[in-house]
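Asker: Got upload_38.txt for you, compact mmCIF, C-alpha atoms:
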```
# COMPACT_ATOMS: atom_id res chain seq x y z
CA HIS A 1 6.13 -27.85 -2.83
CA ILE A 2 4.96 -25.16 -5.18
CA GLU A 3 6.58 -24.46 -8.51
CA ARG A 4 6.13 -20.85 -9.52
CA THR A 5 7.02 -18.77 -12.52
CA LEU A 6 8.15 -15.29 -11.57
CA THR A 7 6.91 -12.55 -13.87
CA THR A 8 8.73 -9.94 -11.77
CA PRO A 9 12.51 -9.38 -11.64
CA LYS A 10 13.92 -12.36 -9.76
CA HIS A 11 14.69 -10.50 -6.52
CA TYR A 12 11.10 -9.73 -5.54
CA ALA A 13 7.77 -11.52 -5.73
CA TYR A 14 4.10 -10.93 -5.06
CA LEU A 15 2.77 -13.34 -2.47
CA LYS A 16 -0.99 -13.74 -2.54
CA ILE A 17 -2.30 -14.95 0.81
CA SER A 18 -6.03 -14.98 0.10
CA GLU A 19 -8.56 -14.49 -2.64
CA GLY A 20 -11.90 -12.70 -2.64
CA CYS A 21 -13.54 -10.33 -0.20
CA ASP A 22 -16.50 -10.47 2.20
CA ARG A 23 -16.83 -6.68 2.48
CA LYS A 24 -19.80 -5.07 0.79
CA CYS A 25 -18.51 -1.62 -0.15
CA SER A 26 -21.10 0.14 -2.28
CA TYR A 27 -18.91 0.88 -5.33
CA CYS A 28 -16.82 -2.27 -5.54
CA ALA A 29 -17.30 -5.16 -7.95
CA ILE A 30 -14.42 -7.28 -6.56
CA PRO A 31 -16.67 -9.52 -4.40
CA ILE A 32 -18.87 -10.11 -7.46
CA ILE A 33 -15.83 -11.11 -9.54
CA THR A 34 -13.76 -13.04 -6.99
CA GLY A 35 -16.44 -14.35 -4.65
CA ARG A 36 -16.13 -14.83 -0.91
CA HIS A 37 -12.91 -14.44 1.04
CA VAL A 38 -10.79 -17.61 1.04
CA SER A 39 -7.47 -17.71 2.95
CA ARG A 40 -4.61 -19.92 1.84
CA PRO A 41 -3.35 -22.30 4.55
CA MET A 42 -0.42 -20.82 6.43
CA GLU A 43 1.91 -23.79 5.87
CA GLU A 44 1.32 -23.56 2.11
CA ILE A 45 2.26 -19.86 2.08
CA LEU A 46 5.38 -20.46 4.19
CA GLY A 47 6.39 -23.32 1.86
CA GLU A 48 6.08 -20.96 -1.10
CA VAL A 49 8.23 -18.32 0.64
CA ARG A 50 10.98 -20.89 1.36
CA TYR A 51 10.88 -22.06 -2.25
CA LEU A 52 11.10 -18.48 -3.58
CA VAL A 53 13.96 -17.58 -1.22
CA ALA A 54 15.84 -20.61 -2.58
CA CYS A 55 15.25 -19.16 -6.08
CA GLY A 56 16.83 -15.84 -5.06
CA VAL A 57 13.81 -13.78 -4.02
CA ARG A 58 14.66 -11.34 -1.21
CA GLU A 59 11.63 -9.07 -1.08
CA PHE A 60 7.98 -10.09 -0.73
CA GLN A 61 4.93 -7.95 -1.50
CA VAL A 62 2.23 -9.68 0.53
CA ILE A 63 -1.08 -9.05 -1.23
CA ALA A 64 -4.78 -9.81 -0.87
CA GLN A 65 -7.96 -7.98 -1.76
CA GLU A 66 -8.39 -7.68 2.01
CA LEU A 67 -5.31 -8.50 4.12
CA THR A 68 -6.77 -7.93 7.55
CA TYR A 69 -9.34 -10.72 7.09
CA TYR A 70 -6.61 -13.32 6.56
CA GLY A 71 -7.27 -16.50 8.54
CA VAL A 72 -10.80 -15.73 9.73
CA ASP A 73 -12.30 -18.46 7.54
CA LEU A 74 -9.64 -21.12 8.25
CA TYR A 75 -8.60 -20.39 11.83
CA LYS A 76 -11.63 -18.44 13.12
CA LYS A 77 -9.51 -15.40 13.93
CA GLN A 78 -7.38 -12.75 12.24
CA MET A 79 -4.02 -14.43 11.62
CA LEU A 80 -2.15 -11.79 9.64
CA PRO A 81 0.16 -10.79 12.54
CA GLU A 82 1.22 -14.42 13.10
CA LEU A 83 1.64 -15.07 9.37
CA VAL A 84 3.87 -12.01 8.92
CA GLU A 85 5.91 -12.97 11.97
CA ARG A 86 6.46 -16.49 10.60
CA ILE A 87 7.43 -15.22 7.13
CA SER A 88 9.82 -12.82 8.82
CA ASP A 89 11.50 -15.75 10.62
CA ILE A 90 12.49 -17.41 7.34
CA PRO A 91 16.20 -16.84 6.64
CA GLY A 92 16.81 -14.89 3.45
CA VAL A 93 13.60 -12.82 3.65
CA GLU A 94 14.98 -9.28 3.63
CA TRP A 95 11.84 -7.20 3.11
CA ILE A 96 8.13 -7.89 3.62
CA ARG A 97 5.67 -5.24 2.47
CA LEU A 98 1.91 -5.35 3.05
CA HIS A 99 -0.76 -4.37 0.54
CA TYR A 100 -4.45 -3.61 0.77
CA ALA A 101 -5.44 -3.49 4.39
CA TYR A 102 -8.91 -2.42 5.48
CA PRO A 103 -9.44 0.12 8.27
CA ALA A 104 -12.37 -1.51 10.12
CA HIS A 105 -11.34 -4.10 12.78
CA PHE A 106 -7.64 -3.62 12.08
CA PRO A 107 -5.55 -6.32 13.84
CA ALA A 108 -3.63 -4.19 16.34
CA ASP A 109 -0.98 -6.86 17.00
CA LEU A 110 0.29 -6.29 13.46
CA LEU A 111 1.70 -2.95 14.63
CA ARG A 112 3.86 -4.73 17.20
CA VAL A 113 5.18 -7.12 14.53
CA MET A 114 6.03 -4.20 12.21
CA ARG A 115 7.80 -2.38 15.01
CA GLU A 116 9.78 -5.39 16.27
CA ARG A 117 10.83 -6.98 12.98
CA ASP A 118 13.56 -5.32 10.93
CA ASN A 119 12.57 -7.15 7.76
CA VAL A 120 8.93 -6.02 7.89
CA CYS A 121 8.89 -2.73 5.99
CA LYS A 122 7.46 0.23 7.84
CA TYR A 123 4.88 0.62 5.11
CA MET A 124 1.14 0.18 5.12
CA ASP A 125 -1.09 0.26 2.07
CA ILE A 126 -4.54 0.96 3.46
CA ALA A 127 -7.32 2.19 1.17
CA LEU A 128 -9.41 4.69 3.12
CA GLN A 129 -11.59 5.97 0.22
CA HIS A 130 -13.07 8.93 2.11
CA ILE A 131 -13.23 10.69 5.45
CA SER A 132 -16.64 12.35 5.86
CA ASP A 133 -19.05 10.26 7.92
CA ASN A 134 -21.75 10.86 5.32
CA MET A 135 -19.61 9.33 2.55
CA LEU A 136 -18.18 6.50 4.65
CA GLN A 137 -21.72 5.48 5.47
CA ARG A 138 -22.95 5.76 1.88
CA MET A 139 -19.93 3.74 0.74
CA ARG A 140 -20.75 1.10 3.41
CA ARG A 141 -17.24 1.20 4.85
CA HIS A 142 -18.18 0.31 8.48
CA VAL A 143 -15.73 2.85 9.89
CA THR A 144 -16.15 6.47 11.02
CA LYS A 145 -14.16 9.64 10.51
CA ALA A 146 -13.05 9.59 14.17
CA GLU A 147 -11.94 5.94 13.97
CA THR A 148 -9.97 6.65 10.79
CA TYR A 149 -8.06 9.55 12.33
CA LYS A 150 -7.43 7.46 15.45
CA LEU A 151 -6.07 4.52 13.43
CA ILE A 152 -3.63 6.76 11.54
CA GLU A 153 -2.47 8.26 14.83
CA GLN A 154 -1.98 4.76 16.24
CA PHE A 155 0.13 3.70 13.22
CA ARG A 156 2.37 6.72 13.59
CA GLU A 157 2.70 6.46 17.36
CA GLU A 158 3.48 2.76 17.44
CA ILE A 159 5.70 2.61 14.35
CA PRO A 160 7.86 5.72 14.14
CA GLY A 161 8.78 6.47 10.53
CA ILE A 162 5.96 4.41 9.00
CA HIS A 163 4.99 5.41 5.45
CA LEU A 164 1.29 5.24 4.70
CA ARG A 165 -0.12 4.71 1.21
CA THR A 166 -3.82 5.22 0.64
CA THR A 167 -6.37 5.42 -2.13
CA LEU A 168 -9.22 7.92 -2.08
CA MET A 169 -12.36 8.26 -4.18
CA VAL A 170 -14.11 11.41 -5.36
CA GLY A 171 -17.50 11.77 -7.00
CA HIS A 172 -19.25 8.81 -5.35
CA PRO A 173 -23.04 9.37 -5.46
CA GLY A 174 -24.08 11.77 -2.73
CA GLU A 175 -20.68 13.49 -2.33
CA THR A 176 -21.44 17.13 -1.57
CA GLU A 177 -19.07 20.10 -1.70
CA THR A 178 -18.92 19.88 2.11
CA ASP A 179 -17.86 16.21 1.93
CA PHE A 180 -15.19 17.09 -0.60
CA GLU A 181 -13.92 19.97 1.58
CA GLU A 182 -13.57 17.46 4.46
CA LEU A 183 -11.62 15.15 2.18
CA LYS A 184 -9.25 17.96 1.15
CA GLU A 185 -8.73 18.92 4.79
CA PHE A 186 -7.95 15.25 5.55
CA VAL A 187 -5.26 15.11 2.83
CA HIS A 188 -3.73 18.38 4.07
CA LYS A 189 -3.79 17.25 7.71
CA VAL A 190 -2.60 13.66 7.45
CA ARG A 191 0.12 14.25 4.83
CA PHE A 192 0.12 10.75 3.36
CA ASP A 193 3.50 9.57 2.13
CA ARG A 194 1.82 8.00 -0.89
CA MET A 195 -1.65 8.65 -2.21
CA GLY A 196 -3.63 7.62 -5.25
CA ALA A 197 -7.13 8.82 -6.07
CA PHE A 198 -9.75 8.02 -8.62
CA ALA A 199 -13.16 9.24 -9.69
CA TYR A 200 -16.19 7.07 -9.05
CA SER A 201 -17.48 5.10 -12.00
CA GLU A 202 -20.54 2.93 -11.80
CA GLU A 203 -19.89 -0.84 -11.75
CA GLU A 204 -22.67 -3.16 -12.81
CA GLY A 205 -24.11 -5.31 -10.05
CA THR A 206 -22.82 -3.18 -7.17
CA TYR A 207 -24.94 -1.73 -4.38
CA ALA A 208 -24.24 1.82 -5.63
CA ALA A 209 -25.37 0.98 -9.15
CA ALA A 210 -28.65 -0.43 -7.81
CA GLU A 211 -29.38 2.06 -5.03
CA TYR A 212 -27.85 5.42 -6.01
CA GLU A 213 -28.05 7.65 -9.01
CA ASP A 214 -24.65 8.46 -10.52
CA SER A 215 -25.58 12.12 -10.45
CA ILE A 216 -22.30 13.99 -10.13
CA PRO A 217 -21.26 15.31 -13.56
CA GLN A 218 -18.05 13.91 -15.04
CA GLU A 219 -16.41 17.36 -15.15
CA VAL A 220 -17.08 17.87 -11.42
CA LYS A 221 -15.55 14.45 -10.66
CA GLN A 222 -12.51 15.28 -12.78
CA ALA A 223 -12.08 18.72 -11.20
CA ARG A 224 -12.22 17.21 -7.69
CA LEU A 225 -9.75 14.51 -8.67
CA ASP A 226 -7.30 17.06 -10.14
CA GLU A 227 -7.57 19.27 -7.07
CA LEU A 228 -6.94 16.40 -4.68
CA MET A 229 -3.95 15.11 -6.65
CA SER A 230 -2.47 18.58 -6.89
CA ILE A 231 -2.61 18.99 -3.08
CA GLN A 232 -0.90 15.60 -2.74
CA GLN A 233 1.80 16.45 -5.29
CA GLY A 234 2.89 19.38 -3.14
CA ILE A 235 2.93 17.19 -0.02
CA SER A 236 4.89 14.42 -1.80
CA GLY A 237 7.45 16.97 -2.96
CA GLU A 238 7.93 18.29 0.59
CA LEU A 239 8.20 14.80 2.09
CA SER A 240 10.76 13.78 -0.58
CA ALA A 241 12.83 16.90 0.10
CA GLU A 242 12.98 15.99 3.81
CA LYS A 243 14.89 12.82 2.85
CA VAL A 244 17.80 14.71 1.29
CA GLY A 245 20.89 14.07 3.40
CA ARG A 246 19.54 10.82 4.83
CA ARG A 247 21.21 7.44 4.42
CA MET A 248 18.85 4.73 3.26
CA LYS A 249 18.97 1.07 2.36
CA VAL A 250 18.07 0.65 -1.30
CA ILE A 251 17.40 -2.41 -3.46
CA ILE A 252 18.43 -2.08 -7.11
CA ASP A 253 15.69 -3.04 -9.58
CA ARG A 254 17.21 -2.23 -12.97
CA LEU A 255 19.63 -0.20 -15.05
CA GLU A 256 18.08 2.47 -17.25
CA GLY A 257 20.28 4.68 -19.41
CA GLU A 258 22.68 6.54 -17.13
CA TYR A 259 20.95 5.52 -13.90
CA TYR A 260 20.57 2.52 -11.67
CA ILE A 261 16.98 2.56 -10.42
CA GLY A 262 16.27 1.35 -6.91
CA ARG A 263 13.75 1.61 -4.08
CA THR A 264 13.78 2.12 -0.32
CA GLU A 265 11.70 0.03 2.11
CA PHE A 266 9.02 2.73 1.77
CA ASP A 267 8.53 2.10 -1.94
CA SER A 268 6.60 -0.68 -3.57
CA PRO A 269 7.46 -1.60 -7.17
CA GLU A 270 5.57 0.13 -10.01
CA VAL A 271 3.45 2.42 -7.83
CA ASP A 272 5.85 4.33 -5.59
CA PRO A 273 8.80 6.72 -6.02
CA GLU A 274 12.20 5.38 -7.00
CA VAL A 275 15.80 6.22 -6.17
CA LEU A 276 17.99 7.16 -9.13
CA ILE A 277 21.70 6.52 -8.72
CA GLU A 278 24.07 7.77 -11.40
CA ARG A 279 25.91 5.01 -13.13
CA GLY A 280 29.46 5.76 -12.02
CA ASP A 281 32.61 3.64 -12.12
CA LYS A 282 31.03 1.20 -9.73
CA THR A 283 28.96 -1.69 -11.08
CA LEU A 284 25.87 -2.32 -8.98
CA HIS A 285 24.15 -5.68 -9.04
CA ILE A 286 20.43 -5.92 -9.77
CA GLY A 287 18.61 -7.33 -6.74
CA ASN A 288 21.31 -6.36 -4.26
CA PHE A 289 20.94 -3.93 -1.37
CA TYR A 290 23.17 -0.88 -1.01
CA HIS A 291 23.50 1.96 1.46
CA VAL A 292 22.73 5.16 -0.37
CA GLU A 293 22.93 8.81 0.61
CA ILE A 294 20.04 10.86 -0.76
CA ILE A 295 21.49 13.92 -2.50
CA ASN A 296 18.46 15.42 -4.24
CA SER A 297 14.72 14.99 -4.80
CA ASP A 298 11.88 16.10 -7.03
CA ASP A 299 8.10 15.80 -6.48
CA PHE A 300 8.26 12.03 -6.65
CA ASP A 301 11.72 10.53 -7.00
CA LEU A 302 14.94 10.68 -5.02
CA PHE A 303 18.51 10.90 -6.30
CA GLY A 304 21.24 9.13 -4.42
CA ARG A 305 24.85 8.08 -4.37
CA ILE A 306 26.37 4.88 -3.04
CA ILE A 307 28.06 5.30 0.33
```
So, in terms of structure tokens, how does the structure I just supplied come out?
Answerer:
Amino acid sequence: HIERTLTTPKHYAYLKISEGCDRKCSYCAIPIITGRHVSRPMEEILGEVRYLVACGVREFQVIAQELTYYGVDLYKKQMLPELVERISDIPGVEWIRLHYAYPAHFPADLLRVMRERDNVCKYMDIALQHISDNMLQRMRRHVTKAETYKLIEQFREEIPGIHLRTTLMVGHPGETETDFEELKEFVHKVRFDRMGAFAYSEEEGTYAAAEYEDSIPQEVKQARLDELMSIQQGISGELSAEKVGRRMKVIIDRLEGEYYIGRTEFDSPEVDPEVLIERGDKTLHIGNFYHVEIINSDDFDLFGRII
């Protein structure tokens, strides 16, 4: 079996299921750096999960540069739904969270697994990058605006309460004001639970570097980025406020000053909001789950008390 050193707190671990990527997005250097997509054998991954559970790990962040492709090279079909189901069967696995899905050819059976399994977090990290058909085509994303909206609708219909995290890009060569307006409308309409954005920067060796001129001025990129993030900040604040009064299951990550800091199933470590619980008379144990009532919120974080 696999010996592993955990660099994270001992109650959660990152579980890498494949390496590399076969997609050819215009801006991305990952395929150049990591090479072609290679899945790890399923039995090997399951063996690692069993080993980590025995070491005290209760939460798994399943990661890959491209999750949805898992298994295509080894088993000739998309095997992510089956893999997640089998991880979820392992006793002691309390939370499974999925990172870096791709919108084209999304394995629909995964939605059933997320809906049926209590220990699969209702959370999907899916980088969409843009919404205008012009930009999706220039970025070589192999998905359309209509398909993107439809996929988001499908997520929300089939998995009530799902939290979606996405990453968007502004300032890619060829992005017009009209494209950017479409992107803003998209952010307003969809109301992502979590959203990151970044400005395009040219990467050596990529399709965009070879074929397009990086013609959008830096200050325009920055202004678009600021505008997009400011729209999202308002949305995040509203969505956080809606959680006040709710009871949620929270895992405790650490103690910081006067607060225990934890997360709900909708929050991945280091990138998502946290739940701050005042350090009262009660000692909470790091890595344990507690039922918490949300009593307040700000733009990003929640404040709770132990029930």
Asker: Write out as a tab-separated table the residues of stretch 57-103 of chain A that have any atom within 10 Å of an atom of stretch 31-44 of chain A, one row each with the nearest atom pair and its distance in Å to one decimal, counting all atoms listed in the file, sorted by chain and then rising number.
Answerer:
```
residue	atom	partner	partner_atom	distance
A:Ala64	CA	A:Ser39	CA	9.2
A:Gln65	CA	A:His37	CA	8.6
A:Glu66	CA	A:His37	CA	8.2
A:Leu67	CA	A:Ser39	CA	9.5
A:Tyr69	CA	A:His37	CA	7.9
A:Tyr70	CA	A:Ser39	CA	5.7
A:Gly71	CA	A:Ser39	CA	5.7
A:Val72	CA	A:Ser39	CA	7.8
A:Asp73	CA	A:Ser39	CA	6.7
A:Leu74	CA	A:Ser39	CA	6.7
A:Tyr75	CA	A:Pro41	CA	9.2
A:Met79	CA	A:Met42	CA	9.0
A:Leu80	CA	A:Met42	CA	9.7
A:Glu82	CA	A:Met42	CA	9.4
A:Leu83	CA	A:Met42	CA	6.8
A:Arg86	CA	A:Met42	CA	9.1
A:Ile87	CA	A:Met42	CA	9.7
```
Asker: What are the closest atom pairs, with distances in Å to one decimal, for each residue of stretch 16-58 of chain A lying within 8 Å of stretch 8-12 of chain A, using only C-alpha atoms, rows by chain and rising residue number, as JSON lines?
Answerer:
```
{"residue": "A:Cys55", "atom": "CA", "partner": "A:Lys10", "partner_atom": "CA", "distance": 7.8}
{"residue": "A:Gly56", "atom": "CA", "partner": "A:His11", "partner_atom": "CA", "distance": 5.9}
{"residue": "A:Val57", "atom": "CA", "partner": "A:His11", "partner_atom": "CA", "distance": 4.2}
{"residue": "A:Arg58", "atom": "CA", "partner": "A:His11", "partner_atom": "CA", "distance": 5.4}
```
Asker: With only C-alpha atoms as the atoms that count, which of A:Pro107, A:Pro269, A:Gly196, A:Gly205 lies nearest to A:Gln61?
Answerer: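 That would be A:Pro269, the residue with the smallest distance to A:Gln61.
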Asker: Tell me, as an NGL selection string, which residues lie within 8 Å of A:Asn119, counting all atoms listed in the file; anything in the same chain fewer than 4 positions away does not count.
Answerer: :A and (88 or 93-96)
Asker: Select from stretch 122-198 of chain A every residue with an atom at most 12 Å from any atom of stretch 219-238 of chain A, then for each give the shortest pair of atoms and their distance in Å to one decimal, using all atoms listed in the file, rows by chain and rising number, as a Markdown table.
Answerer:
```
| residue | atom | partner | partner_atom | distance |
| --- | --- | --- | --- | --- |
| A:His130 | CA | A:Leu228 | CA | 11.8 |
| A:His163 | CA | A:Ser236 | CA | 11.6 |
| A:Leu164 | CA | A:Ser236 | CA | 11.8 |
| A:Arg165 | CA | A:Ser236 | CA | 11.3 |
| A:Thr166 | CA | A:Gln232 | CA | 11.3 |
| A:Thr167 | CA | A:Met229 | CA | 11.0 |
| A:Leu168 | CA | A:Leu228 | CA | 9.2 |
| A:Met169 | CA | A:Leu225 | CA | 8.1 |
| A:Val170 | CA | A:Lys221 | CA | 6.3 |
| A:Gly171 | CA | A:Lys221 | CA | 4.9 |
| A:His172 | CA | A:Lys221 | CA | 8.6 |
| A:Pro173 | CA | A:Lys221 | CA | 10.4 |
| A:Gly174 | CA | A:Lys221 | CA | 12.0 |
| A:Glu175 | CA | A:Lys221 | CA | 9.8 |
| A:Thr176 | CA | A:Val220 | CA | 10.8 |
| A:Glu177 | CA | A:Arg224 | CA | 9.5 |
| A:Asp179 | CA | A:Arg224 | CA | 11.2 |
| A:Phe180 | CA | A:Arg224 | CA | 7.7 |
| A:Glu181 | CA | A:Arg224 | CA | 9.8 |
| A:Glu182 | CA | A:Leu228 | CA | 11.3 |
| A:Leu183 | CA | A:Leu228 | CA | 8.4 |
| A:Lys184 | CA | A:Leu228 | CA | 6.5 |
| A:Glu185 | CA | A:Leu228 | CA | 10.0 |
| A:Phe186 | CA | A:Leu228 | CA | 10.3 |
| A:Val187 | CA | A:Gln232 | CA | 7.1 |
| A:His188 | CA | A:Ile231 | CA | 7.3 |
| A:Lys189 | CA | A:Ile235 | CA | 10.2 |
| A:Val190 | CA | A:Ile235 | CA | 9.9 |
| A:Arg191 | CA | A:Ile235 | CA | 6.3 |
| A:Phe192 | CA | A:Ile235 | CA | 7.8 |
| A:Asp193 | CA | A:Ser236 | CA | 6.4 |
| A:Arg194 | CA | A:Ser236 | CA | 7.2 |
| A:Met195 | CA | A:Gln232 | CA | 7.0 |
| A:Gly196 | CA | A:Met229 | CA | 7.6 |
| A:Ala197 | CA | A:Leu225 | CA | 6.8 |
| A:Phe198 | CA | A:Leu225 | CA | 6.5 |
```
Asker: Compare A:Arg279, A:Ser268, A:Ser132, A:Arg247 by their minimum atom-to-atom distance to A:Ile307, counting all atoms listed in the file, and give me the closest one.
Answerer: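 Residue with the minimum atom-to-atom distance to A:Ile307: A:Arg247.
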Asker: Of the candidates A:Tyr51, A:Phe106, A:Tyr259, A:Phe289, which one gets nearest to A:Leu15 if we count all atoms listed in the file?
Answerer: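 Between A:Tyr51, A:Phe106, A:Tyr259, A:Phe289, the residue approaching A:Leu15 most closely is A:Tyr51.
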Asker: Could you work out how far atom CA of A:Phe60 lies from atom CA of A:Leu110, giving the answer in Å with one decimal?
Answerer: 16.6 Å
Asker: Just to confirm, what's the straight-line distance from atom CA of A:Arg138 to atom CA of A:Arg156 in Å (one decimal)?
Answerer: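 Straight-line distance from atom CA of A:Arg138 to atom CA of A:Arg156 works out to 27.9 Å.
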Asker: Tell me which protein, DNA and RNA residues are within 10 Å of A:Gly262, counting all atoms listed in the file, leaving out same-chain ones fewer than 5 positions away, and put them as a list in words.
Answerer: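 Within the cut-off, the hits are Lys249, Val250, Ile251, Ile252, Asp253, Arg254, Leu255, Asp267, Pro269, Pro273, Glu274, Val275, Leu276, Ile277, Ile286, Gly287, Asn288, Phe289, Tyr290, Val292, Leu302, Phe303 and Gly304 of chain A.
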Asker: Go ahead and compute the interatomic distance for atom CA of A:Lys282 and atom CA of A:Asp298, in Å to one decimal.
Answerer: 24.4 Å
Asker: Name the residues in contact with A:Arg141 at a cut-off of 8 Å, using all atoms listed in the file, excluding same-chain residues fewer than 6 positions from it; report them as a VMD selection string.
Answerer: chain A and resid 24 to 25 104
Asker: Quick one: residues within 12 Å of A:Asp281, all atoms listed in the file counted, chain neighbours fewer than 6 positions away excluded, as a list in words?
Answerer: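 Listing them by chain and then by number gives Glu258, Tyr259, Arg305 and Ile306 of chain A.
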Asker: Looking at A:Gln137, A:Gln154, A:Thr206, A:Gln129, which one is nearest to A:Tyr27, with distances taken over only C-alpha atoms?
Answerer: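 The closest residue to A:Tyr27 is A:Thr206.
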Asker: Pick out the closest residue to A:Glu85 from this set: A:Ala101, A:Ile261, A:Leu52, A:Leu46. Count only C-alpha atoms.
Answerer: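 Among A:Ala101, A:Ile261, A:Leu52, A:Leu46, it is A:Leu46 that comes nearest to A:Glu85.
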Asker: Taking only C-alpha atoms into account, name the residue in A:Gly257, A:Ala108, A:Asp272, A:Arg50 that is nearest to A:Ile90.
Answerer: A:Arg50
